[in-house]
file structure34.pdb (PDB, C-alpha atoms (C1' of nucleotides))
ATOM      1  CA  MET G  27      42.519   3.693   8.555
ATOM      2  CA  PRO G  28      39.170   5.430   8.651
ATOM      3  CA  SER G  29      36.242   3.906   6.836
ATOM      4  CA  ARG G  30      34.832   5.482   3.718
ATOM      5  CA  ILE G  31      31.927   6.901   5.680
ATOM      6  CA  GLU G  32      34.242   8.248   8.349
ATOM      7  CA  GLN G  33      36.255   9.951   5.646
ATOM      8  CA  LEU G  34      33.097  11.494   4.198
ATOM      9  CA  CYS G  35      32.146  12.804   7.630
ATOM     10  CA  ARG G  36      35.522  14.388   8.144
ATOM     11  CA  ASP G  37      35.344  15.923   4.688
ATOM     12  CA  LYS G  38      32.116  17.627   5.702
ATOM     13  CA  GLY G  39      33.568  18.798   8.997
ATOM     14  CA  LEU G  40      31.307  16.598  11.094
ATOM     15  CA  LYS G  41      32.549  15.448  14.467
ATOM     16  CA  MET G  42      33.267  11.740  14.560
ATOM     17  CA  THR G  43      31.542  10.571  17.682
ATOM     18  CA  GLY G  44      31.429   7.019  18.856
ATOM     19  CA  GLN G  45      27.748   6.866  17.993
ATOM     20  CA  ARG G  46      28.257   8.002  14.437
ATOM     21  CA  ARG G  47      31.074   5.564  13.978
ATOM     22  CA  VAL G  48      28.902   2.704  15.145
ATOM     23  CA  ILE G  49      25.920   3.704  13.011
ATOM     24  CA  ALA G  50      28.229   4.071  10.002
ATOM     25  CA  GLN G  51      29.635   0.648  10.655
ATOM     26  CA  VAL G  52      26.172  -0.878  10.922
ATOM     27  CA  LEU G  53      25.138   0.770   7.669
ATOM     28  CA  SER G  54      28.247  -0.415   5.863
ATOM     29  CA  ALA G  55      27.732  -3.947   7.048
ATOM     30  CA  ALA G  56      24.038  -4.025   6.187
ATOM     31  CA  GLN G  57      23.157  -6.030   3.142
ATOM     32  CA  ASP G  58      19.514  -5.085   3.509
ATOM     33  CA  HIS G  59      17.476  -1.915   4.095
ATOM     34  CA  PRO G  60      16.995  -1.504   7.833
ATOM     35  CA  ASP G  61      14.606   1.056   9.337
ATOM     36  CA  ALA G  62      15.538   3.415  12.165
ATOM     37  CA  GLU G  63      14.559   1.011  14.887
ATOM     38  CA  GLU G  64      16.503  -1.825  13.319
ATOM     39  CA  LEU G  65      19.542   0.436  12.946
ATOM     40  CA  HIS G  66      19.155   1.278  16.602
ATOM     41  CA  ARG G  67      18.904  -2.376  17.553
ATOM     42  CA  ARG G  68      22.023  -3.306  15.594
ATOM     43  CA  SER G  69      23.938  -0.295  16.870
ATOM     44  CA  MET G  70      22.990  -1.133  20.440
ATOM     45  CA  SER G  71      24.403  -4.609  20.017
ATOM     46  CA  ILE G  72      27.775  -2.986  19.313
ATOM     47  CA  ASP G  73      27.515  -0.207  21.876
ATOM     48  CA  ASN G  74      24.438   0.102  24.005
ATOM     49  CA  ARG G  75      24.902   3.809  24.766
ATOM     50  CA  ILE G  76      23.107   4.943  21.619
ATOM     51  CA  SER G  77      19.632   6.397  21.698
ATOM     52  CA  LEU G  78      16.973   6.135  19.028
ATOM     53  CA  ALA G  79      16.947   9.932  18.824
ATOM     54  CA  THR G  80      20.593   9.866  17.840
ATOM     55  CA  VAL G  81      19.887   7.303  15.164
ATOM     56  CA  TYR G  82      17.221   9.587  13.721
ATOM     57  CA  ARG G  83      19.496  12.603  13.925
ATOM     58  CA  THR G  84      22.337  10.684  12.354
ATOM     59  CA  VAL G  85      20.421   9.291   9.417
ATOM     60  CA  ARG G  86      19.146  12.774   8.621
ATOM     61  CA  LEU G  87      22.683  14.061   8.798
ATOM     62  CA  PHE G  88      24.027  11.237   6.672
ATOM     63  CA  GLU G  89      21.234  11.764   4.199
ATOM     64  CA  ASP G  90      22.089  15.442   3.809
ATOM     65  CA  ALA G  91      25.719  14.472   3.378
ATOM     66  CA  GLN G  92      24.684  11.910   0.751
ATOM     67  CA  ILE G  93      26.243   9.173   2.807
ATOM     68  CA  LEU G  94      23.062   7.167   2.802
ATOM     69  CA  GLU G  95      19.816   6.962   0.900
ATOM     70  CA  ARG G  96      16.403   7.071   2.491
ATOM     71  CA  HIS G  97      13.844   4.680   1.058
ATOM     72  CA  ASP G  98      10.167   4.142   1.551
ATOM     73  CA  PHE G  99       8.907   0.717   0.593
ATOM     74  CA  ARG G 100       5.333   1.389   1.665
ATOM     75  CA  ASP G 101       5.573  -0.309   4.996
ATOM     76  CA  GLY G 102       5.130   2.921   6.905
ATOM     77  CA  ARG G 103       8.642   3.716   8.053
ATOM     78  CA  ALA G 104      11.726   5.007   6.302
ATOM     79  CA  ARG G 105      14.460   2.549   5.483
ATOM     80  CA  PHE G 106      18.120   3.186   4.762
ATOM     81  CA  GLU G 107      21.115   1.976   2.849
ATOM     82  CA  THR G 108      24.525   3.422   2.069
ATOM     83  CA  ALA G 109      24.618   5.616  -1.015
ATOM     84  CA  GLU G 110      26.757   4.346  -3.845
ATOM     85  CA  ASP G 111      29.627   6.416  -5.197
ATOM     86  CA  GLY G 112      29.572   8.310  -8.434
ATOM     87  CA  ASP G 113      26.688   7.980 -10.803
ATOM     88  CA  GLU G 114      25.903   4.347 -10.272
ATOM     89  CA  HIS G 115      22.281   3.731  -9.567
ATOM     90  CA  HIS G 116      20.270   0.782  -8.596
ATOM     91  CA  HIS G 117      16.595   0.426  -8.006
ATOM     92  CA  HIS G 118      14.381  -2.014  -6.203
ATOM     93  CA  ILE G 119      11.909  -4.708  -6.971
ATOM     94  CA  ILE G 120       9.742  -5.437  -3.952
ATOM     95  CA  ASN G 121       8.218  -8.896  -3.955
ATOM     96  CA  VAL G 122       4.783  -8.123  -2.580
ATOM     97  CA  ARG G 123       4.262 -11.770  -1.712
ATOM     98  CA  ASN G 124       6.885 -11.733   1.007
ATOM     99  CA  GLY G 125       8.443  -8.259   1.218
ATOM    100  CA  GLU G 126      11.751  -9.431  -0.229
ATOM    101  CA  VAL G 127      13.712  -6.617  -1.892
ATOM    102  CA  VAL G 128      15.735  -7.293  -5.057
ATOM    103  CA  GLU G 129      18.116  -4.709  -6.448
ATOM    104  CA  PHE G 130      18.717  -4.104 -10.122
ATOM    105  CA  GLU G 131      20.406  -1.654 -12.401
ATOM    106  CA  ASP G 132      20.004  -0.993 -16.084
ATOM    107  CA  GLU G 133      21.993   1.454 -18.138
ATOM    108  CA  GLU G 134      19.294   1.816 -20.763
ATOM    109  CA  LEU G 135      16.881   2.835 -18.041
ATOM    110  CA  GLU G 136      19.295   5.467 -16.730
ATOM    111  CA  THR G 137      19.644   6.983 -20.176
ATOM    112  CA  LEU G 138      15.925   6.981 -20.797
ATOM    113  CA  LYS G 139      15.113   8.669 -17.476
ATOM    114  CA  ARG G 140      17.589  11.417 -18.155
ATOM    115  CA  ARG G 141      16.205  11.925 -21.645
ATOM    116  CA  ILE G 142      12.623  12.134 -20.405
ATOM    117  CA  ALA G 143      13.547  14.703 -17.771
ATOM    118  CA  ALA G 144      15.644  16.715 -20.209
ATOM    119  CA  ASP G 145      12.805  16.789 -22.748
ATOM    120  CA  LEU G 146      10.645  18.441 -20.088
ATOM    121  CA  GLY G 147      13.371  20.894 -19.181
ATOM    122  CA  PHE G 148      14.592  19.197 -16.023
ATOM    123  CA  LYS G 149      17.809  17.821 -14.628
ATOM    124  CA  ILE G 150      17.470  14.861 -12.256
ATOM    125  CA  VAL G 151      18.878  15.474  -8.794
ATOM    126  CA  GLY G 152      17.225  12.582  -6.994
ATOM    127  CA  GLU G 153      14.922   9.785  -7.864
ATOM    128  CA  ARG G 154      13.046   6.789  -6.795
ATOM    129  CA  LEU G 155      11.969   3.763  -8.753
ATOM    130  CA  GLU G 156      10.348   0.784  -7.197
ATOM    131  CA  LEU G 157       8.567  -2.063  -8.905
ATOM    132  CA  TYR G 158       6.110  -3.937  -6.715
ATOM    133  CA  CYS G 159       6.019  -7.397  -8.201
ATOM    134  CA  LEU G 160       4.881 -10.965  -7.984
ATOM    135  CA  PRO G 161       7.037 -13.860  -9.110
ATOM    136  CA  ILE G 162       5.984 -14.932 -12.586
ATOM    137  CA  GLY G 163       3.493 -17.758 -12.319
ATOM    138  CA  ASP G 164       2.354 -16.719  -8.861
ATOM    139  CA  ASP G 165      -1.157 -15.751  -9.684
ATOM    140  CA  GLU G 166      -2.224 -13.093  -7.262
ATOM    141  CA  GLY G 167      -4.287 -13.578  -4.149
ATOM    142  CA  VAL G 168      -1.933 -11.682  -1.881
ATOM    143  CA  GLU G 169      -3.214 -11.369   1.673
ATOM    144  CA  LYS G 170      -2.966  -8.210   3.744
TER     145      LYS G 170
ATOM    146  CA  MET A   6     -26.154   8.740 -13.916
ATOM    147  CA  PRO A   7     -23.587   7.580 -11.392
ATOM    148  CA  SER A   8     -20.008   8.752 -11.701
ATOM    149  CA  ARG A   9     -17.257   6.383 -12.736
ATOM    150  CA  ILE A  10     -16.088   6.106  -9.153
ATOM    151  CA  GLU A  11     -19.601   5.465  -7.918
ATOM    152  CA  GLN A  12     -19.918   2.693 -10.465
ATOM    153  CA  LEU A  13     -16.657   1.165  -9.288
ATOM    154  CA  CYS A  14     -17.897   1.237  -5.705
ATOM    155  CA  ARG A  15     -21.135  -0.487  -6.613
ATOM    156  CA  ASP A  16     -19.212  -3.092  -8.584
ATOM    157  CA  LYS A  17     -17.261  -3.934  -5.455
ATOM    158  CA  GLY A  18     -20.413  -4.060  -3.331
ATOM    159  CA  LEU A  19     -19.484  -1.011  -1.272
ATOM    160  CA  LYS A  20     -22.234   1.084   0.202
ATOM    161  CA  MET A  21     -22.538   4.462  -1.458
ATOM    162  CA  THR A  22     -22.719   6.843   1.438
ATOM    163  CA  GLY A  23     -22.952  10.583   1.129
ATOM    164  CA  GLN A  24     -19.415  10.886   2.479
ATOM    165  CA  ARG A  25     -17.954   8.532  -0.092
ATOM    166  CA  ARG A  26     -19.792  10.311  -2.852
ATOM    167  CA  VAL A  27     -18.368  13.646  -1.771
ATOM    168  CA  ILE A  28     -14.824  12.338  -1.402
ATOM    169  CA  ALA A  29     -15.098  10.677  -4.806
ATOM    170  CA  GLN A  30     -16.290  13.935  -6.302
ATOM    171  CA  VAL A  31     -13.421  15.851  -4.725
ATOM    172  CA  LEU A  32     -10.933  13.317  -6.042
ATOM    173  CA  SER A  33     -12.373  13.434  -9.525
ATOM    174  CA  ALA A  34     -12.253  17.198  -9.603
ATOM    175  CA  ALA A  35      -8.708  17.413  -8.258
ATOM    176  CA  GLN A  36      -6.072  18.330 -10.797
ATOM    177  CA  ASP A  37      -3.374  17.989  -8.181
ATOM    178  CA  HIS A  38      -2.316  15.492  -5.510
ATOM    179  CA  PRO A  39      -4.026  16.454  -2.253
ATOM    180  CA  ASP A  40      -3.151  14.889   1.087
ATOM    181  CA  ALA A  41      -5.711  13.550   3.555
ATOM    182  CA  GLU A  42      -6.171  16.855   5.302
ATOM    183  CA  GLU A  43      -6.630  18.712   2.046
ATOM    184  CA  LEU A  44      -9.170  16.119   0.887
ATOM    185  CA  HIS A  45     -10.959  16.638   4.167
ATOM    186  CA  ARG A  46     -10.922  20.408   3.754
ATOM    187  CA  ARG A  47     -12.320  20.219   0.232
ATOM    188  CA  SER A  48     -14.918  17.626   1.206
ATOM    189  CA  MET A  49     -16.027  19.752   4.135
ATOM    190  CA  SER A  50     -16.625  22.660   1.814
ATOM    191  CA  ILE A  51     -19.192  20.514   0.002
ATOM    192  CA  ASP A  52     -20.676  18.837   3.064
ATOM    193  CA  ASN A  53     -19.319  19.633   6.484
ATOM    194  CA  ARG A  54     -20.507  16.402   8.097
ATOM    195  CA  ILE A  55     -17.392  14.491   7.090
ATOM    196  CA  SER A  56     -14.693  13.581   9.578
ATOM    197  CA  LEU A  57     -10.999  13.239   8.931
ATOM    198  CA  ALA A  58     -11.232   9.643  10.136
ATOM    199  CA  THR A  59     -13.692   8.904   7.363
ATOM    200  CA  VAL A  60     -11.368  10.457   4.818
ATOM    201  CA  TYR A  61      -8.597   8.158   6.004
ATOM    202  CA  ARG A  62     -10.902   5.147   5.967
ATOM    203  CA  THR A  63     -12.186   6.053   2.537
ATOM    204  CA  VAL A  64      -8.828   6.551   0.880
ATOM    205  CA  ARG A  65      -7.688   3.203   2.196
ATOM    206  CA  LEU A  66     -10.841   1.641   0.849
ATOM    207  CA  PHE A  67     -10.485   3.374  -2.503
ATOM    208  CA  GLU A  68      -6.865   2.366  -2.667
ATOM    209  CA  ASP A  69      -7.714  -1.301  -2.128
ATOM    210  CA  ALA A  70     -10.398  -0.987  -4.784
ATOM    211  CA  GLN A  71      -7.830   0.623  -7.098
ATOM    212  CA  ILE A  72      -9.993   3.686  -7.375
ATOM    213  CA  LEU A  73      -7.162   5.938  -6.328
ATOM    214  CA  GLU A  74      -3.397   5.846  -6.070
ATOM    215  CA  ARG A  75      -1.471   6.694  -2.975
ATOM    216  CA  HIS A  76       1.704   8.704  -3.493
ATOM    217  CA  ASP A  77       4.530   9.793  -1.296
ATOM    218  CA  PHE A  78       6.470  12.763  -2.554
ATOM    219  CA  ARG A  79       8.771  12.910   0.454
ATOM    220  CA  ASP A  80       6.924  15.642   2.268
ATOM    221  CA  GLY A  81       5.890  13.345   5.087
ATOM    222  CA  ARG A  82       2.265  12.639   4.320
ATOM    223  CA  ALA A  83       0.519  10.466   1.762
ATOM    224  CA  ARG A  84      -1.051  12.163  -1.233
ATOM    225  CA  PHE A  85      -3.741  10.895  -3.535
ATOM    226  CA  GLU A  86      -5.050  11.010  -7.070
ATOM    227  CA  THR A  87      -7.594   8.982  -9.005
ATOM    228  CA  ALA A  88      -6.194   5.880 -10.648
ATOM    229  CA  GLU A  89      -6.315   5.845 -14.426
ATOM    230  CA  ASP A  90      -8.198   3.132 -16.283
ATOM    231  CA  GLY A  91      -6.579   0.238 -18.058
ATOM    232  CA  ASP A  92      -2.862   0.064 -18.433
ATOM    233  CA  GLU A  93      -2.117   3.726 -18.862
ATOM    234  CA  HIS A  94       0.561   4.939 -16.546
ATOM    235  CA  HIS A  95       2.027   8.221 -15.734
ATOM    236  CA  HIS A  96       4.778   9.176 -13.399
ATOM    237  CA  HIS A  97       5.907  12.313 -11.652
ATOM    238  CA  ILE A  98       8.679  14.825 -11.838
ATOM    239  CA  ILE A  99       8.904  16.782  -8.617
ATOM    240  CA  ASN A 100      10.548  20.168  -8.984
ATOM    241  CA  VAL A 101      12.569  20.282  -5.803
ATOM    242  CA  ARG A 102      12.939  24.027  -6.118
ATOM    243  CA  ASN A 103       9.257  24.666  -5.467
ATOM    244  CA  GLY A 104       7.470  21.341  -4.949
ATOM    245  CA  GLU A 105       5.629  21.588  -8.271
ATOM    246  CA  VAL A 106       4.610  18.177  -9.639
ATOM    247  CA  VAL A 107       4.740  17.493 -13.377
ATOM    248  CA  GLU A 108       3.225  14.343 -14.838
ATOM    249  CA  PHE A 109       4.681  12.430 -17.747
ATOM    250  CA  GLU A 110       4.257   9.165 -19.549
ATOM    251  CA  ASP A 111       6.531   7.306 -21.896
ATOM    252  CA  GLU A 112       5.741   4.083 -23.699
ATOM    253  CA  GLU A 113       9.373   3.108 -24.102
ATOM    254  CA  LEU A 114       9.785   3.393 -20.343
ATOM    255  CA  GLU A 115       6.777   1.142 -19.744
ATOM    256  CA  THR A 116       8.195  -1.506 -22.042
ATOM    257  CA  LEU A 117      11.619  -1.320 -20.477
ATOM    258  CA  LYS A 118      10.317  -1.642 -16.918
ATOM    259  CA  ARG A 119       8.326  -4.708 -17.825
ATOM    260  CA  ARG A 120      11.309  -6.251 -19.551
ATOM    261  CA  ILE A 121      13.600  -5.621 -16.591
ATOM    262  CA  ALA A 122      11.115  -7.191 -14.185
ATOM    263  CA  ALA A 123      10.484 -10.145 -16.478
ATOM    264  CA  ASP A 124      14.207 -10.794 -16.848
ATOM    265  CA  LEU A 125      14.383 -11.172 -13.078
ATOM    266  CA  GLY A 126      11.345 -13.437 -13.012
ATOM    267  CA  PHE A 127       8.802 -10.883 -11.844
ATOM    268  CA  LYS A 128       5.525  -9.474 -13.026
ATOM    269  CA  ILE A 129       4.836  -5.847 -12.065
ATOM    270  CA  VAL A 130       1.702  -5.370  -9.976
ATOM    271  CA  GLY A 131       2.397  -1.871  -8.744
ATOM    272  CA  GLU A 132       5.091   0.686  -9.104
ATOM    273  CA  ARG A 133       6.393   4.051  -8.299
ATOM    274  CA  LEU A 134       8.675   6.284 -10.263
ATOM    275  CA  GLU A 135       9.514   9.788  -9.253
ATOM    276  CA  LEU A 136      12.230  12.041 -10.570
ATOM    277  CA  TYR A 137      13.260  14.804  -8.218
ATOM    278  CA  CYS A 138      14.527  17.532 -10.501
ATOM    279  CA  LEU A 139      15.745  21.049 -10.949
ATOM    280  CA  PRO A 140      14.864  23.121 -13.999
ATOM    281  CA  ILE A 141      17.765  23.019 -16.453
ATOM    282  CA  GLY A 142      20.008  25.998 -15.860
ATOM    283  CA  ASP A 143      18.958  26.357 -12.232
ATOM    284  CA  ASP A 144      22.236  25.516 -10.612
ATOM    285  CA  GLU A 145      21.471  24.014  -7.239
ATOM    286  CA  GLY A 146      21.568  25.787  -3.930
ATOM    287  CA  VAL A 147      18.158  24.588  -2.826
ATOM    288  CA  GLU A 148      17.297  25.673   0.700
ATOM    289  CA  LYS A 149      15.591  23.480   3.229
TER     290      LYS A 149
ATOM    291  C1'  DG M   8     -33.944  -5.058  10.186
ATOM    292  C1'  DT M   9     -28.910  -6.290   9.305
ATOM    293  C1'  DT M  10     -24.906  -5.092   8.124
ATOM    294  C1'  DG M  11     -21.744  -1.925   7.283
ATOM    295  C1'  DA M  12     -20.280   3.191   7.877
ATOM    296  C1'  DT M  13     -19.534   7.308  10.600
ATOM    297  C1'  DG M  14     -18.026  10.615  14.245
ATOM    298  C1'  DC M  15     -15.598  11.435  18.043
ATOM    299  C1'  DA M  16     -11.927  11.137  20.865
ATOM    300  C1'  DA M  17      -8.392   8.405  22.316
ATOM    301  C1'  DA M  18      -4.431   5.660  20.874
ATOM    302  C1'  DA M  19      -0.772   4.140  17.959
ATOM    303  C1'  DT M  20       3.264   4.916  15.110
ATOM    304  C1'  DT M  21       6.971   7.196  13.421
ATOM    305  C1'  DT M  22       9.858  11.097  13.763
ATOM    306  C1'  DT M  23      11.387  15.556  15.830
ATOM    307  C1'  DT M  24      12.859  18.626  19.528
ATOM    308  C1'  DG M  25      14.080  21.263  24.132
ATOM    309  C1'  DC M  26      17.293  21.171  27.342
ATOM    310  C1'  DA M  27      20.802  19.978  30.524
ATOM    311  C1'  DA M  28      24.893  17.183  30.480
ATOM    312  C1'  DG M  29      28.765  15.251  27.999
ATOM    313  C1'  DA M  30      32.241  14.555  24.299
ATOM    314  C1'  DT M  31      34.965  16.354  20.343
ATOM    315  C1'  DG M  32      38.319  19.043  17.896
TER     316       DG M  32
ATOM    317  C1'  DC J  29      37.238  25.437  26.259
ATOM    318  C1'  DA J  30      33.914  26.588  22.770
ATOM    319  C1'  DT J  31      31.017  24.100  20.035
ATOM    320  C1'  DC J  32      28.711  20.405  18.614
ATOM    321  C1'  DT J  33      26.396  16.094  20.057
ATOM    322  C1'  DT J  34      23.780  13.108  23.027
ATOM    323  C1'  DG J  35      20.114  11.154  26.042
ATOM    324  C1'  DC J  36      15.922  11.567  27.865
ATOM    325  C1'  DA J  37      11.432  12.508  27.829
ATOM    326  C1'  DA J  38       8.055  15.190  25.996
ATOM    327  C1'  DA J  39       5.912  16.829  21.741
ATOM    328  C1'  DA J  40       4.629  16.704  16.950
ATOM    329  C1'  DA J  41       2.652  14.882  12.944
ATOM    330  C1'  DT J  42       0.222  11.565  10.594
ATOM    331  C1'  DT J  43      -2.696   7.692  10.621
ATOM    332  C1'  DT J  44      -5.537   4.093  12.952
ATOM    333  C1'  DT J  45      -9.104   2.355  16.035
ATOM    334  C1'  DG J  46     -12.941   1.384  19.789
ATOM    335  C1'  DC J  47     -17.400   2.137  20.406
ATOM    336  C1'  DA J  48     -21.915   3.907  20.378
ATOM    337  C1'  DT J  49     -24.869   5.835  16.886
ATOM    338  C1'  DC J  50     -26.590   6.202  12.285
ATOM    339  C1'  DA J  51     -27.461   5.132   7.399
ATOM    340  C1'  DA J  52     -27.643   2.052   3.300
ATOM    341  C1'  DC J  53     -29.389  -1.801   1.207
TER     342       DC J  53
END

call {"tool": "encode", "arguments": {"input": "structure34.pdb", "output": "structure tokens"}}
result
Amino acid sequence: MPSRIEQLCRDKGLKMTGQRRVIAQVLSAAQDHPDAEELHRRSMSIDNRISLATVYRTVRLFEDAQILERHDFRDGRARFETAEDGDEHHHHIINVRNGEVVEFEDEELETLKRRIAADLGFKIVGERLELYCLPIGDDEGVEK
Amino acid sequence: MPSRIEQLCRDKGLKMTGQRRVIAQVLSAAQDHPDAEELHRRSMSIDNRISLATVYRTVRLFEDAQILERHDFRDGRARFETAEDGDEHHHHIINVRNGEVVEFEDEELETLKRRIAADLGFKIVGERLELYCLPIGDDEGVEK
DNA sequence: GTTGATGCAAAATTTTTGCAAGATG
DNA sequence: CATCTTGCAAAAATTTTGCATCAAC
């Protein structure tokens, strides 16, 4: 049985190459938010005939197909995770002390965002919300 | 009388060079969110002895000093605007049809964000919230 | 006068692309 | 077997940096 991502690819008429299958598998397995090079590294460990260029091409493709989401956590490179189905949404808290990423979701927040956009005459088609935080009690003094 | 930005620089013990003064002036005057190259272009029109490298060095410096905010609206380069005083906050709606950026603020949203972070044991020290939108009634079909 | 800032050009980083060769449907 | 995809290496785009010179305090 084909994976969810594989199914999505077929639905869009994309060819299922070995490389795409591997990258999809790596993305599905990832519990974190790897960047392109990390995706490449993990993919290579499954099948070493995958180039970094293909990883870049594939994430762009998967992004267009809404198979994954591209993030930018201010560390200079794009990072990726599988997109969730339907209208679920989560956002990220980035612990600036150590780079740890915590996910959260909040229905009240979803409603409020939509209301704010609607009041200005807009419909949300994409979004980004990141909170850069320190653990409570940790009183600043973060080094570069 | 020195500008607000100039005062902030002095407070941090930074030297007030002609270049920094010009870049500060350009930032203050900007009603939009220029990128480094645009800042350089505008600065050059005031004083053409300013290099792009200095613009990059200066925005990093100003960012550390919380004189400006660095944004990333998914067009590949960083964009800048002066930071507001105190705890005011605004966020951005990006019209994906034409790239137009609309600013908004909402007190309820501020409260909610803080509550969400606090519930997870975090204190917000920085954030980012962007809503990528289409005007209501404009039914998709956005070209690359 | 010291210390920090600048300009220039070269380098670094991340991402994209041309093209010939290979795999997919 | 036509078309799409890949690998490679080169290019592009943005940002950073080394170093000699210059300016601010």

call {"tool": "residues_around", "arguments": {"input": "structure34.pdb", "residues": "DT42 (chain J)", "least_positions_apart": "6", "cutoff": "10 Å", "atoms": "all atoms listed in the file", "output": "PyMOL selection string"}}
result
(chain A and resi 41-42+81-83) or (chain M and resi 20-21)

call {"tool": "interface_residues", "arguments": {"input": "structure34.pdb", "of": "chain G", "to": "chain J", "cutoff": "8 Å", "atoms": "only C-alpha atoms (C1' of nucleotides)", "output": "PDB file with C-alpha atoms, in the coordinates of the input"}}
result
ATOM      1  CA  LYS G  41      32.549  15.448  14.467  1.00  0.00           C
ATOM      2  CA  THR G  43      31.542  10.571  17.682  1.00  0.00           C
ATOM      3  CA  SER G  77      19.632   6.397  21.698  1.00  0.00           C
ATOM      4  CA  ALA G  79      16.947   9.932  18.824  1.00  0.00           C
ATOM      5  CA  THR G  80      20.593   9.866  17.840  1.00  0.00           C
TER       6      THR G  80
END

call {"tool": "axis_aligned_box", "arguments": {"input": "structure34.pdb", "around": "region 128-143 of chain A", "padding_each_side": "6 Å", "output": "AutoDock Vina command-line options"}}
result
--center_x 10.9 --center_y 8.4 --center_z -12.3 --size_x 30.3 --size_y 47.8 --size_z 20.2

call {"tool": "atom_distance", "arguments": {"input": "structure34.pdb", "atom1": "CA of Ile51 (chain A)", "atom2": "CA of Leu73 (chain A)"}}
result
19.9 Å

call {"tool": "resolve_selection", "arguments": {"input": "structure34.pdb", "expression": "the PyMOL selection byres ((chain G) within 8 of (chain A))", "output": "list of chain:residue names"}}
result
G:Ile119, G:Asp132, G:Leu135, G:Leu138, G:Ile142, G:Ala143, G:Ala144, G:Gly147, G:Phe148, G:Lys149, G:Ile150, G:Val151, G:Gly152, G:Glu153, G:Arg154, G:Leu155, G:Glu156, G:Leu157, G:Tyr158, G:Cys159, G:Leu160, G:Pro161, G:Ile162

call {"tool": "atom_distance", "arguments": {"input": "structure34.pdb", "atom1": "CA of Asp69 (chain A)", "atom2": "CA of Ala88 (chain A)"}}
result
11.2 Å

call {"tool": "atom_distance", "arguments": {"input": "structure34.pdb", "atom1": "CA of Glu105 (chain A)", "atom2": "CA of Asp40 (chain A)"}}
result
14.5 Å

call {"tool": "resolve_selection", "arguments": {"input": "structure34.pdb", "expression": "the PyMOL selection byres ((chain M) within 8 of (chain A))", "output": "ChimeraX atom specification"}}
result
/M:11-14

call {"tool": "resolve_selection", "arguments": {"input": "structure34.pdb", "expression": "the PyMOL selection byres ((chain G and resi 38) around 12)", "output": "number ranges by chain"}}
result
G: 31-37, 39-42, 87-88, 90-93

call {"tool": "residues_around", "arguments": {"input": "structure34.pdb", "residues": "region 56-58 of chain G", "least_positions_apart": "6", "cutoff": "12 Å", "atoms": "all atoms listed in the file", "output": "PyMOL selection string"}}
result
chain G and resi 49-50+64-65+68-69+94+97+105-108+118+125-129

call {"tool": "write_last_selection", "arguments": {"input": "structure34.pdb", "atoms": "C-alpha atoms", "output": "CSV table (one decimal), in the frame of the given file"}}
result
chain,number,residue,atom,x,y,z
G,49,ILE,CA,25.9,3.7,13.0
G,50,ALA,CA,28.2,4.1,10.0
G,64,GLU,CA,16.5,-1.8,13.3
G,65,LEU,CA,19.5,0.4,12.9
G,68,ARG,CA,22.0,-3.3,15.6
G,69,SER,CA,23.9,-0.3,16.9
G,94,LEU,CA,23.1,7.2,2.8
G,97,HIS,CA,13.8,4.7,1.1
G,105,ARG,CA,14.5,2.5,5.5
G,106,PHE,CA,18.1,3.2,4.8
G,107,GLU,CA,21.1,2.0,2.8
G,108,THR,CA,24.5,3.4,2.1
G,118,HIS,CA,14.4,-2.0,-6.2
G,125,GLY,CA,8.4,-8.3,1.2
G,126,GLU,CA,11.8,-9.4,-0.2
G,127,VAL,CA,13.7,-6.6,-1.9
G,128,VAL,CA,15.7,-7.3,-5.1
G,129,GLU,CA,18.1,-4.7,-6.4
